[in-house]
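Asks: TSV, C-alpha atoms, saved as structure.tsv, coming up:
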```tsv
chain	number	residue	atom	x	y	z
U	551	MET	CA	-70.15	6.75	7.65
U	552	GLU	CA	-66.59	8.11	7.33
U	553	SER	CA	-67.84	11.70	7.34
U	554	PHE	CA	-70.04	10.98	10.38
U	555	ILE	CA	-67.13	9.52	12.37
U	556	ALA	CA	-64.85	12.41	11.34
U	557	ARG	CA	-67.42	14.96	12.54
U	558	ARG	CA	-67.87	13.10	15.85
U	559	LEU	CA	-64.11	13.03	16.36
U	560	TYR	CA	-63.87	16.75	15.62
U	561	LYS	CA	-66.76	17.56	17.95
U	562	ASN	CA	-65.27	15.48	20.77
U	563	GLU	CA	-61.88	17.07	20.18
U	564	GLN	CA	-63.34	20.50	20.95
U	565	GLY	CA	-63.74	19.57	24.61
U	566	SER	CA	-60.68	17.35	24.88
U	567	ARG	CA	-57.89	18.13	27.29
U	568	LYS	CA	-55.45	15.65	25.82
U	569	VAL	CA	-52.23	16.44	23.98
U	570	SER	CA	-54.10	16.64	20.69
U	571	ARG	CA	-56.18	19.62	21.76
U	572	PRO	CA	-53.23	22.07	21.74
U	573	ALA	CA	-52.07	20.46	18.50
U	574	VAL	CA	-55.46	21.15	16.91
U	575	LEU	CA	-55.41	24.75	18.10
U	576	ILE	CA	-51.87	25.25	16.80
U	577	ALA	CA	-52.84	23.74	13.45
U	578	GLN	CA	-55.90	25.98	13.18
U	579	ALA	CA	-53.83	29.02	14.20
U	580	GLY	CA	-51.19	28.16	11.59
U	581	VAL	CA	-53.78	27.93	8.84
U	582	ALA	CA	-55.56	31.10	10.00
U	583	LEU	CA	-52.32	33.07	10.29
U	584	GLY	CA	-51.03	31.88	6.93
U	585	LEU	CA	-54.26	32.69	5.12
U	586	ALA	CA	-54.68	36.06	6.87
U	587	VAL	CA	-51.15	37.12	5.92
U	588	MET	CA	-51.73	36.01	2.33
U	589	LEU	CA	-54.99	37.95	2.05
U	590	VAL	CA	-53.45	41.11	3.51
U	591	THR	CA	-50.45	40.75	1.21
U	592	ILE	CA	-52.68	40.33	-1.85
U	593	ALA	CA	-54.94	43.26	-0.94
U	594	VAL	CA	-51.99	45.59	-0.26
U	595	SER	CA	-50.03	44.56	-3.36
U	596	PHE	CA	-53.06	44.94	-5.64
U	597	GLY	CA	-53.77	48.27	-3.95
U	598	PHE	CA	-50.25	49.50	-4.66
U	599	LYS	CA	-50.40	48.36	-8.26
U	600	TYR	CA	-53.78	49.93	-8.99
U	601	GLU	CA	-53.15	53.22	-7.14
U	602	VAL	CA	-49.60	53.86	-8.35
U	603	ARG	CA	-50.47	52.80	-11.88
U	604	ALA	CA	-53.56	55.01	-11.85
U	605	LYS	CA	-51.47	58.03	-10.85
U	606	ALA	CA	-48.88	57.36	-13.54
U	607	VAL	CA	-51.68	57.07	-16.10
U	608	GLY	CA	-53.44	60.15	-14.67
U	609	PHE	CA	-50.38	62.31	-15.28
U	610	GLY	CA	-49.51	60.94	-18.70
U	611	SER	CA	-52.23	58.57	-20.03
U	612	HIS	CA	-51.66	55.03	-21.32
U	613	LEU	CA	-49.94	56.01	-24.57
U	614	HIS	CA	-48.17	59.19	-25.60
U	615	ILE	CA	-47.32	60.61	-29.01
U	616	SER	CA	-44.56	63.22	-29.21
U	617	ASN	CA	-41.86	64.48	-31.55
U	618	TYR	CA	-39.33	61.82	-32.51
U	619	ASP	CA	-36.44	64.22	-31.80
U	620	ALA	CA	-37.79	65.26	-28.43
U	621	GLY	CA	-36.28	62.49	-26.28
U	622	HIS	CA	-37.19	63.21	-22.68
U	623	ALA	CA	-36.79	66.99	-22.88
U	624	LEU	CA	-39.54	69.08	-21.34
U	625	GLU	CA	-39.35	71.81	-23.95
U	626	VAL	CA	-39.64	70.05	-27.28
U	627	HIS	CA	-40.35	70.54	-30.91
U	628	PRO	CA	-44.09	70.44	-31.55
U	629	ILE	CA	-46.13	67.97	-33.52
U	630	ALA	CA	-49.36	68.59	-35.40
U	631	ALA	CA	-52.45	67.28	-33.60
U	632	ASP	CA	-54.74	67.81	-36.57
U	633	SER	CA	-58.10	66.24	-37.27
U	634	ALA	CA	-56.52	63.51	-39.42
U	635	LEU	CA	-54.37	62.24	-36.53
U	636	VAL	CA	-57.24	62.38	-34.05
U	637	ALA	CA	-59.53	60.52	-36.46
U	638	THR	CA	-56.89	57.84	-37.02
U	639	LEU	CA	-56.53	57.27	-33.27
U	640	ASN	CA	-60.26	57.28	-32.54
U	641	ALA	CA	-60.78	54.62	-35.21
U	642	PHE	CA	-59.39	52.00	-32.80
U	643	ASP	CA	-61.94	50.41	-30.48
U	644	GLU	CA	-59.30	50.20	-27.73
U	645	VAL	CA	-58.92	54.00	-27.65
U	646	ALA	CA	-61.20	55.69	-25.12
U	647	HIS	CA	-60.03	59.30	-25.36
U	648	VAL	CA	-57.50	61.44	-27.22
U	649	GLN	CA	-56.24	64.69	-25.68
U	650	PRO	CA	-53.48	67.03	-26.91
U	651	TYR	CA	-51.45	69.21	-24.54
U	652	ALA	CA	-48.57	71.67	-24.62
U	653	THR	CA	-45.77	72.35	-22.13
U	654	LYS	CA	-43.44	75.24	-21.37
U	655	PRO	CA	-40.69	75.28	-18.68
U	656	GLY	CA	-40.75	78.34	-16.48
U	657	VAL	CA	-39.67	79.80	-13.15
U	658	PHE	CA	-41.99	81.15	-10.46
U	659	ARG	CA	-40.64	84.16	-8.61
U	660	THR	CA	-41.96	85.55	-5.36
U	661	GLU	CA	-40.52	88.11	-2.96
U	662	ASP	CA	-38.91	85.38	-0.86
U	663	ASP	CA	-38.29	82.42	-3.13
U	664	PHE	CA	-38.26	81.01	-6.66
U	665	MET	CA	-39.00	77.59	-8.14
U	666	GLY	CA	-38.70	75.92	-11.54
U	667	TYR	CA	-41.69	74.10	-12.98
U	668	VAL	CA	-43.39	73.02	-16.20
U	669	LEU	CA	-46.51	74.79	-17.38
U	670	LYS	CA	-48.88	72.24	-18.88
U	671	GLY	CA	-51.58	73.63	-21.12
U	672	VAL	CA	-54.77	71.64	-21.59
U	673	GLY	CA	-57.80	72.29	-23.76
U	674	GLU	CA	-61.51	72.05	-23.22
U	675	ASP	CA	-61.52	68.44	-24.47
U	676	TYR	CA	-58.91	67.34	-21.91
U	677	ASP	CA	-60.13	64.84	-19.28
U	678	LEU	CA	-59.41	66.57	-15.95
U	679	SER	CA	-61.10	63.97	-13.74
U	680	PHE	CA	-57.74	62.85	-12.33
U	681	TYR	CA	-56.93	66.36	-11.10
U	682	GLU	CA	-60.48	66.89	-9.86
U	683	GLN	CA	-60.19	63.70	-7.81
U	684	HIS	CA	-57.05	65.03	-6.11
U	685	LEU	CA	-58.13	68.66	-5.84
U	686	LYS	CA	-57.67	69.96	-2.28
U	687	GLU	CA	-58.69	73.60	-2.61
U	688	GLY	CA	-60.37	75.82	-5.18
U	689	GLU	CA	-61.51	74.59	-8.55
U	690	ILE	CA	-60.36	73.37	-11.94
U	691	PRO	CA	-61.25	76.18	-14.36
U	692	GLU	CA	-63.06	75.50	-17.60
U	693	PHE	CA	-60.50	76.35	-20.25
U	694	SER	CA	-62.00	77.76	-23.44
U	695	ALA	CA	-60.82	77.24	-27.00
U	696	HIS	CA	-61.64	80.86	-27.84
U	697	SER	CA	-59.75	82.83	-25.18
U	698	ILE	CA	-56.48	82.79	-23.27
U	699	SER	CA	-56.70	82.38	-19.50
U	700	ASN	CA	-54.21	83.44	-16.83
U	701	LYS	CA	-55.61	80.98	-14.27
U	702	ILE	CA	-53.40	78.17	-12.98
U	703	VAL	CA	-53.77	75.09	-10.76
U	704	VAL	CA	-50.67	74.28	-8.70
U	705	SER	CA	-49.77	71.37	-6.46
U	706	ARG	CA	-49.74	71.52	-2.67
U	707	GLU	CA	-45.95	71.20	-2.73
U	708	VAL	CA	-45.55	74.23	-5.00
U	709	ALA	CA	-48.05	76.24	-2.96
U	710	ASP	CA	-46.31	75.43	0.32
U	711	LYS	CA	-42.82	76.19	-0.98
U	712	LEU	CA	-43.84	79.55	-2.45
U	713	GLN	CA	-46.44	80.27	0.28
U	714	LEU	CA	-49.25	80.63	-2.24
U	715	SER	CA	-52.96	80.60	-1.46
U	716	LEU	CA	-56.11	80.69	-3.56
U	717	GLY	CA	-56.47	84.01	-5.34
U	718	ASP	CA	-52.78	84.90	-5.06
U	719	LYS	CA	-51.02	86.27	-8.09
U	720	VAL	CA	-47.57	84.96	-8.94
U	721	ASP	CA	-45.03	86.09	-11.54
U	722	SER	CA	-43.53	83.54	-13.91
U	723	TYR	CA	-40.56	83.94	-16.25
U	724	PHE	CA	-39.90	82.10	-19.51
U	725	LEU	CA	-36.75	82.03	-21.59
U	726	GLN	CA	-37.14	81.67	-25.34
U	727	GLY	CA	-34.78	84.08	-26.99
U	728	ALA	CA	-35.67	87.06	-24.81
U	729	LEU	CA	-36.86	86.74	-21.22
U	730	ARG	CA	-40.63	87.03	-20.95
U	731	ALA	CA	-42.81	87.43	-17.88
U	732	ARG	CA	-46.40	86.49	-17.18
U	733	ARG	CA	-48.59	86.93	-14.11
U	734	TYR	CA	-50.92	84.12	-13.15
U	735	THR	CA	-53.72	83.72	-10.60
U	736	VAL	CA	-53.89	80.59	-8.43
U	737	VAL	CA	-57.42	79.17	-8.59
U	738	GLY	CA	-56.82	75.58	-7.47
U	739	ILE	CA	-54.45	73.43	-5.44
U	740	TYR	CA	-54.11	69.67	-5.99
U	741	GLU	CA	-52.14	66.93	-4.24
U	742	THR	CA	-51.64	63.43	-5.65
U	743	GLY	CA	-48.80	62.18	-3.43
U	744	PHE	CA	-46.72	61.63	-6.57
U	745	ALA	CA	-44.07	64.09	-5.36
U	746	GLU	CA	-41.93	63.88	-8.48
U	747	TYR	CA	-44.81	65.07	-10.66
U	748	ASP	CA	-46.53	67.27	-8.08
U	749	ARG	CA	-43.53	69.57	-7.83
U	750	LEU	CA	-43.25	69.69	-11.62
U	751	PHE	CA	-46.58	70.32	-13.32
U	752	VAL	CA	-48.79	73.41	-13.17
U	753	LEU	CA	-52.04	73.38	-15.15
U	754	THR	CA	-53.24	76.21	-17.34
U	755	ASP	CA	-54.91	76.97	-20.65
U	756	LEU	CA	-53.65	75.22	-23.82
U	757	LYS	CA	-53.90	78.37	-25.93
U	758	ALA	CA	-51.81	80.29	-23.38
U	759	VAL	CA	-48.95	77.80	-23.69
U	760	GLN	CA	-49.22	77.73	-27.49
U	761	ALA	CA	-48.96	81.52	-27.48
U	762	LEU	CA	-45.86	81.38	-25.24
U	763	ASN	CA	-44.24	78.87	-27.60
U	764	ARG	CA	-45.41	80.87	-30.66
U	765	TRP	CA	-47.00	77.80	-32.16
U	766	GLU	CA	-49.93	77.40	-34.53
U	767	THR	CA	-53.30	76.36	-33.12
U	768	ASP	CA	-52.81	72.71	-34.14
U	769	GLN	CA	-49.25	72.43	-32.80
U	770	VAL	CA	-48.80	70.73	-29.43
U	771	THR	CA	-46.08	69.10	-27.35
U	772	GLY	CA	-47.81	65.76	-27.47
U	773	VAL	CA	-51.01	63.77	-27.64
U	774	GLU	CA	-52.15	61.58	-24.76
U	775	ILE	CA	-54.17	58.46	-25.54
U	776	MET	CA	-56.40	56.86	-22.90
U	777	LEU	CA	-57.29	53.21	-23.53
U	778	THR	CA	-60.28	51.20	-22.39
U	779	ASP	CA	-58.06	48.68	-20.58
U	780	PHE	CA	-54.55	48.92	-19.13
U	781	ASN	CA	-53.84	45.35	-20.25
U	782	LYS	CA	-53.97	46.56	-23.86
U	783	VAL	CA	-51.11	49.04	-23.42
U	784	GLU	CA	-48.35	46.86	-24.87
U	785	SER	CA	-50.33	45.63	-27.86
U	786	MET	CA	-51.60	49.13	-28.73
U	787	ASN	CA	-48.12	50.59	-28.24
U	788	TRP	CA	-46.86	48.14	-30.84
U	789	THR	CA	-49.81	48.76	-33.19
U	790	LEU	CA	-49.64	52.57	-33.08
U	791	GLY	CA	-45.85	52.54	-33.11
U	792	THR	CA	-45.86	50.49	-36.28
U	793	LEU	CA	-48.43	52.83	-37.79
U	794	LEU	CA	-47.06	56.24	-36.75
U	795	ASP	CA	-43.39	56.04	-35.74
U	796	ARG	CA	-41.20	58.20	-38.03
U	797	THR	CA	-44.18	59.30	-40.14
U	798	GLU	CA	-44.25	63.05	-40.81
U	799	ASP	CA	-46.95	65.54	-39.88
U	800	SER	CA	-47.99	68.57	-41.95
U	801	TYR	CA	-44.95	70.52	-40.65
U	802	GLY	CA	-42.42	67.81	-41.48
U	803	GLU	CA	-41.99	66.66	-37.87
U	804	GLU	CA	-41.88	62.92	-37.09
U	805	TYR	CA	-44.18	61.15	-34.65
U	806	PHE	CA	-42.95	58.89	-31.85
U	807	VAL	CA	-45.22	56.61	-29.76
U	808	GLN	CA	-44.41	55.62	-26.17
U	809	SER	CA	-46.34	53.77	-23.47
U	810	VAL	CA	-46.63	54.81	-19.84
U	811	VAL	CA	-44.35	51.85	-19.04
U	812	ASP	CA	-41.66	53.21	-21.39
U	813	ILE	CA	-41.91	56.69	-19.87
U	814	ASN	CA	-41.73	55.40	-16.26
U	815	PRO	CA	-39.46	52.32	-16.42
U	816	GLY	CA	-38.20	52.63	-12.84
U	817	LEU	CA	-41.70	52.87	-11.42
U	818	PHE	CA	-43.01	49.79	-13.21
U	819	ALA	CA	-39.82	47.86	-12.45
U	820	TRP	CA	-40.52	48.56	-8.78
U	821	LEU	CA	-44.06	47.19	-9.18
U	822	ASP	CA	-42.64	44.05	-10.82
U	823	VAL	CA	-40.32	43.55	-7.84
U	824	LEU	CA	-43.36	43.96	-5.59
U	825	ASP	CA	-45.05	41.10	-7.46
U	826	MET	CA	-42.04	38.87	-6.83
U	827	ASN	CA	-42.19	39.65	-3.11
U	828	VAL	CA	-45.88	38.79	-3.03
U	829	TRP	CA	-45.29	35.35	-4.55
U	830	LEU	CA	-42.46	34.75	-2.07
U	831	ILE	CA	-44.72	35.61	0.88
U	832	LEU	CA	-47.54	33.43	-0.44
U	833	SER	CA	-45.14	30.49	-0.79
U	834	LEU	CA	-43.80	30.94	2.75
U	835	MET	CA	-47.25	31.19	4.29
U	836	LEU	CA	-48.43	28.08	2.44
U	837	GLY	CA	-45.37	26.31	3.82
U	838	VAL	CA	-46.17	27.43	7.38
U	839	ALA	CA	-49.77	26.26	7.09
U	840	ALA	CA	-48.72	22.91	5.57
U	841	PHE	CA	-46.13	22.28	8.31
U	842	THR	CA	-48.56	22.97	11.15
U	843	MET	CA	-51.23	20.76	9.57
U	844	ILE	CA	-48.83	17.85	9.03
U	845	SER	CA	-47.60	18.12	12.61
U	846	GLY	CA	-51.14	18.31	13.94
U	847	LEU	CA	-52.31	15.28	11.96
U	848	LEU	CA	-49.36	13.18	13.10
U	849	ILE	CA	-50.13	14.01	16.75
U	850	LEU	CA	-53.81	13.16	16.22
U	851	ILE	CA	-52.93	9.79	14.68
U	852	LEU	CA	-50.47	8.89	17.40
U	853	GLU	CA	-52.89	9.82	20.17
U	854	ARG	CA	-55.74	7.91	18.48
U	855	THR	CA	-53.69	4.76	17.87
U	856	GLN	CA	-55.97	2.59	20.02
U	857	PHE	CA	-59.03	3.96	18.27
U	858	ILE	CA	-57.44	3.12	14.90
U	859	GLY	CA	-56.73	-0.41	16.14
U	860	VAL	CA	-60.37	-0.86	17.19
U	861	LEU	CA	-61.60	0.33	13.79
U	862	LYS	CA	-59.31	-2.11	12.01
U	863	ALA	CA	-60.34	-4.92	14.34
U	864	LEU	CA	-63.96	-4.24	13.43
U	865	GLY	CA	-63.08	-4.66	9.76
U	866	ALA	CA	-62.28	-1.13	8.60
U	867	CYS	CA	-59.67	-1.06	5.84
U	868	ASN	CA	-56.66	1.28	5.79
U	869	ARG	CA	-58.27	3.42	3.10
U	870	SER	CA	-61.41	3.94	5.15
U	871	VAL	CA	-59.48	4.87	8.32
U	872	ARG	CA	-57.22	7.23	6.38
U	873	SER	CA	-60.32	8.86	4.90
U	874	ILE	CA	-61.72	9.43	8.40
U	875	PHE	CA	-58.60	11.20	9.61
U	876	LEU	CA	-58.22	13.19	6.39
U	877	ARG	CA	-61.78	14.45	6.75
U	878	PHE	CA	-61.09	15.19	10.41
U	879	ALA	CA	-58.00	17.21	9.46
U	880	LEU	CA	-59.86	19.06	6.70
U	881	LEU	CA	-62.49	20.15	9.23
U	882	ILE	CA	-59.65	21.72	11.19
U	883	VAL	CA	-58.40	23.36	7.98
U	884	CYS	CA	-61.85	24.77	7.22
U	885	LYS	CA	-62.17	26.34	10.66
U	886	GLY	CA	-58.68	27.80	10.38
U	887	MET	CA	-59.49	29.19	6.92
U	888	PHE	CA	-62.71	30.71	8.26
U	889	TRP	CA	-60.84	32.65	10.93
U	890	GLY	CA	-58.08	33.48	8.48
U	891	ASN	CA	-60.63	35.12	6.17
U	892	VAL	CA	-62.26	36.95	9.06
U	893	ILE	CA	-58.94	38.30	10.36
U	894	GLY	CA	-57.33	39.05	6.99
U	895	LEU	CA	-60.31	40.65	5.27
U	896	GLY	CA	-61.29	42.42	8.51
U	897	LEU	CA	-57.89	44.08	8.83
U	898	CYS	CA	-58.01	45.08	5.16
U	899	ALA	CA	-61.49	46.56	5.54
U	900	ILE	CA	-60.42	48.59	8.57
U	901	GLN	CA	-57.42	49.98	6.68
U	902	LYS	CA	-59.50	50.76	3.59
U	903	VAL	CA	-62.12	52.66	5.57
U	904	THR	CA	-59.88	54.45	8.07
U	905	GLY	CA	-56.50	54.70	6.33
U	906	LEU	CA	-55.02	53.94	9.74
U	907	ILE	CA	-51.51	53.02	8.52
U	908	SER	CA	-49.86	55.95	6.77
U	909	LEU	CA	-46.90	56.10	4.38
U	910	ASP	CA	-44.33	58.63	3.27
U	911	PRO	CA	-45.44	59.63	-0.26
U	912	LYS	CA	-41.88	60.62	-1.16
U	913	ASN	CA	-40.88	56.96	-0.94
U	914	TYR	CA	-44.09	55.08	-1.70
U	915	TYR	CA	-46.04	57.54	-3.92
U	916	LEU	CA	-49.02	57.18	-1.55
U	917	ASP	CA	-49.89	58.67	1.84
U	918	THR	CA	-51.65	55.59	3.24
U	919	VAL	CA	-51.36	51.83	2.71
U	920	PRO	CA	-53.73	51.11	-0.21
U	921	ILE	CA	-56.20	48.23	-0.17
U	922	SER	CA	-57.84	46.65	-3.19
U	923	PHE	CA	-60.12	43.59	-3.00
U	924	ASP	CA	-59.64	41.39	-6.06
U	925	TRP	CA	-62.33	38.85	-5.19
U	926	ALA	CA	-61.44	36.43	-7.97
U	927	PHE	CA	-57.86	36.23	-6.67
U	928	ILE	CA	-59.02	35.99	-3.04
U	929	ILE	CA	-61.34	33.08	-3.88
U	930	ALA	CA	-58.55	31.43	-5.87
U	931	VAL	CA	-56.18	31.67	-2.89
U	932	ASN	CA	-58.78	30.02	-0.63
U	933	VAL	CA	-59.35	27.21	-3.12
U	934	VAL	CA	-55.63	26.63	-3.67
U	935	MET	CA	-54.95	26.59	0.06
U	936	PHE	CA	-57.71	24.04	0.69
U	937	ILE	CA	-56.52	21.78	-2.13
U	938	LEU	CA	-52.86	21.98	-1.10
U	939	SER	CA	-53.80	21.29	2.52
U	940	ALA	CA	-55.65	18.16	1.41
U	941	LEU	CA	-52.70	17.03	-0.71
U	942	VAL	CA	-50.02	17.52	1.96
U	943	LEU	CA	-52.13	15.59	4.49
U	944	ILE	CA	-52.14	12.47	2.31
U	945	VAL	CA	-48.51	11.64	3.11
U	946	PRO	CA	-48.69	11.71	6.96
U	947	SER	CA	-52.01	9.84	6.84
U	948	GLY	CA	-50.06	6.94	5.34
U	949	LEU	CA	-48.82	6.22	8.87
U	950	ILE	CA	-52.23	4.64	9.54
U	951	SER	CA	-51.48	1.73	7.22
U	952	ARG	CA	-48.53	0.74	9.42
U	953	ILE	CA	-50.59	0.46	12.57
U	954	HIS	CA	-51.41	-3.19	13.39
U	955	PRO	CA	-54.68	-3.78	15.30
U	956	THR	CA	-53.22	-6.07	17.99
U	957	LYS	CA	-50.31	-3.78	18.78
U	958	ALA	CA	-52.45	-0.65	18.55
U	959	MET	CA	-54.97	-1.88	21.13
U	960	ARG	CA	-52.12	-2.36	23.64
U	961	PHE	CA	-50.57	1.06	22.76
U	962	GLU	CA	-50.21	3.49	25.66
```
Could you render the structure as structure tokens?
Replies:
Amino acid sequence: MESFIARRLYKNEQGSRKVSRPAVLIAQAGVALGLAVMLVTIAVSFGFKYEVRAKAVGFGSHLHISNYDAGHALEVHPIAADSALVATLNAFDEVAHVQPYATKPGVFRTEDDFMGYVLKGVGEDYDLSFYEQHLKEGEIPEFSAHSISNKIVVSREVADKLQLSLGDKVDSYFLQGALRARRYTVVGIYETGFAEYDRLFVLTDLKAVQALNRWETDQVTGVEIMLTDFNKVESMNWTLGTLLDRTEDSYGEEYFVQSVVDINPGLFAWLDVLDMNVWLILSLMLGVAAFTMISGLLILILERTQFIGVLKALGACNRSVRSIFLRFALLIVCKGMFWGNVIGLGLCAIQKVTGLISLDPKNYYLDTVPISFDWAFIIAVNVVMFILSALVLIVPSGLISRIHPTKAMRFE
């Protein structure tokens, strides 16, 4: 019976021209606006986290093993990436892929300009899917373990600064004792939007970099470790650090394990601040929705005072009348949440498909506002908002218990 009366009240309210009609519309708009803003905020924040984190992992993997004495230098003492180390790492179920690499700082020189960079050598077992995903022109060559290649893949930023195109040859100079020169051919151009790394790394053959450094075939700058799940980074960093830190390789060099979070502390601190902002926005929007619903319910109760008096005169208890108005208010909440989902998810879908809103990659690491739909979190937000709306409406509904039937029926 209570649900029936609540539905009749809601249906009649749709065509009402009384004061309560604007109040209902404002309440629904407050709920819709609050939920829409929350959904957009969640989708954008998750998009930023996933995209930026994916690029940081794409350039350096989840975990990284280097020389203990290397620090953050780009030209470092090598470590041995022998079969024993690879077998030890692959023994962990959390490890998805192990890939050694070598680096060598150099300077590109053209007729009109020059630019410093880091030559990153990768082998045939290196996972290049990240660079293939962001490849804009040309191709990623298949580097062989049996020959040295002079092919390189540069970023769009490097190509634009030096005015390089596919097929161009460019001279590079390396300083290690005596000055040495090499000529490379540009076969690919990539662009990730991670400007700090784009202007730094140039891909080439692992054996070519080992030859420049005059290293043995098992000596590399570091070993990148891809995990099956980003959430296991901290635990595996601790596990491998305990196992390998300060242990010596076959050349007497000591290993040092770092996570992608350790290598990019500023970046992940920025993402943590973003999380704090998200929670602040969610709290504010819940407050806005709660305020509009409380105001709307109070107006509905005051305007329906005579109706409440009639119900009480007919024998309805305070609990029953409160239940009617709570159900009435929750119908308003449900309609507001429906439009909030339509507006919020609709705007997110448009941005995801079109990339309509762009960003400056130098400041945000991305060229468009990213969108990621975490459906479990979206459903949780809807459930929490409905429950909180029901809870905050209990207090103003208590006004019903103070309405006396005889006075209410004479109320104007």
Asks: Give the answer as one residue: which of U:Val942, U:Ser616, U:Phe744, U:Thr653 has the shortest atom-to-atom distance to Ser845 of chain U, using all atoms listed in the file?
Replies: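 Of the candidates, the smallest distance to Ser845 of chain U is held by U:Val942.
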Asks: Tell me which protein, DNA and RNA residues are within 10 Å of Trp829 of chain U, counting only C-alpha atoms, leaving out same-chain ones fewer than 4 positions away, and put them as a PDB file with C-alpha atoms, in the coordinates of the input.
Replies:
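Dumped to selection-v1.pdb:
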```
ATOM      1  CA  MET U 588     -51.730  36.010   2.330  1.00  0.00           C
ATOM      2  CA  THR U 591     -50.450  40.750   1.210  1.00  0.00           C
ATOM      3  CA  ILE U 592     -52.680  40.330  -1.850  1.00  0.00           C
ATOM      4  CA  LEU U 824     -43.360  43.960  -5.590  1.00  0.00           C
ATOM      5  CA  ASP U 825     -45.050  41.100  -7.460  1.00  0.00           C
ATOM      6  CA  SER U 833     -45.140  30.490  -0.790  1.00  0.00           C
ATOM      7  CA  LEU U 834     -43.800  30.940   2.750  1.00  0.00           C
ATOM      8  CA  MET U 835     -47.250  31.190   4.290  1.00  0.00           C
TER       9      MET U 835
END
```
Asks: Find the distance between atom CA of Leu836 of chain U and atom CA of Leu585 of chain U and write it in Å to one decimal.
Replies: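 Separating atom CA of Leu836 of chain U from atom CA of Leu585 of chain U is a distance of 7.9 Å.
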Asks: Neighbouring residues of Asn617 of chain U were defined as those with any atom within 9 Å, considering all atoms listed in the file; residues of the same chain fewer than 5 positions away were excluded. Please report them as a JSON list (two decimals) with C-alpha atoms, keeping the file's coordinate frame.
Replies:
```json
[["chain", "number", "residue", "atom", "x", "y", "z"],
["U", 626, "VAL", "CA", -39.64, 70.05, -27.28],
["U", 627, "HIS", "CA", -40.35, 70.54, -30.91],
["U", 628, "PRO", "CA", -44.09, 70.44, -31.55],
["U", 629, "ILE", "CA", -46.13, 67.97, -33.52],
["U", 771, "THR", "CA", -46.08, 69.10, -27.35],
["U", 772, "GLY", "CA", -47.81, 65.76, -27.47],
["U", 803, "GLU", "CA", -41.99, 66.66, -37.87],
["U", 804, "GLU", "CA", -41.88, 62.92, -37.09],
["U", 805, "TYR", "CA", -44.18, 61.15, -34.65],
["U", 806, "PHE", "CA", -42.95, 58.89, -31.85],
["U", 807, "VAL", "CA", -45.22, 56.61, -29.76]]
```
Asks: Determine, counting all atoms listed in the file, which protein, DNA and RNA residues have an atom within 8 Å of an atom of segment 677-685 of chain U; residues of the same chain fewer than 2 positions away are not included. Present the result as a PyMOL selection string.
Replies: chain U and resi 608-609+649+675+687-690+738-742
Asks: I need the residue nearest Gly717 of chain U from this list: U:Thr735, U:Gln578, U:Thr638, U:Ser633. Use only C-alpha atoms for the distance.
Replies: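 When distances to Gly717 of chain U are compared using only C-alpha atoms, the smallest one comes from U:Thr735.
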Asks: In Å, how far is it from atom CA of Ser873 of chain U to atom CA of Ala940 of chain U?
Replies: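 Spanning atom CA of Ser873 of chain U to atom CA of Ala940 of chain U is a straight-line distance of 11.0 Å.
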Asks: Considering only C-alpha atoms, can you say which of U:Leu909, U:Met843, U:Ala606, U:Val648 comes closest to Asn814 of chain U?
Replies: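 Distance minimum relative to Asn814 of chain U lands on U:Ala606.
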Asks: With distances taken over only C-alpha atoms, which residue among U:Val736, U:Leu750, U:Ile944, U:Ala926 lies nearest Ile874 of chain U?
Replies: U:Ile944
Asks: Just checking: using only C-alpha atoms, which residue out of U:Phe642, U:Leu880, U:Arg603, U:Asp632 ends up closest to Thr789 of chain U?
Replies: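 Residue with the minimum atom-to-atom distance to Thr789 of chain U: U:Phe642.
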Asks: Quick one: of U:Asn932, U:Ser922, U:Ser715, U:Ser699, who's nearest to Lys686 of chain U, counting all atoms listed in the file?
Replies: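 Going through U:Asn932, U:Ser922, U:Ser715, U:Ser699 one by one, the smallest distance to Lys686 of chain U is for U:Ser715.
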Asks: Using all atoms of segment 742-751 of chain U that appear in the file, construct an axis-aligned enclosing box with 4 Å of padding on every side and provide its centre coordinates and edge lengths in Å, rounded to one decimal, as JSON.
Replies:
```
{"center_x": -46.8, "center_y": 66.0, "center_z": -8.4, "size_x": 17.7, "size_y": 16.7, "size_z": 17.9}
```
Asks: One decimal, in Å: what's the spacing between atom CA of Ser697 of chain U and atom CA of Val720 of chain U?
Replies: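 Between atom CA of Ser697 of chain U and atom CA of Val720 of chain U the gap works out to 20.4 Å.
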Asks: Pull the closest atom pair for each residue of segment 710-770 of chain U that gets at most 12 Å from segment 794-801 of chain U, along with the distance in Å to one decimal, counting all atoms listed in the file, ordering rows by chain and then ascending residue number, as a Markdown table.
Replies:
```
| residue | atom | partner | partner_atom | distance |
| --- | --- | --- | --- | --- |
| U:Trp765 | CA | U:Tyr801 | CA | 11.4 |
| U:Glu766 | CA | U:Tyr801 | CA | 10.5 |
| U:Asp768 | CA | U:Ser800 | CA | 10.1 |
| U:Gln769 | CA | U:Tyr801 | CA | 9.2 |
| U:Val770 | CA | U:Asp799 | CA | 11.8 |
```
Asks: Fewer than 4 positions away in the same chain doesn't count, so skip those; otherwise give me all residues within 7 Å of Gly905 of chain U, counting all atoms listed in the file, as a list in words.
Replies: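 The contact residues come out as Gln901, Thr918 and Val919 of chain U.
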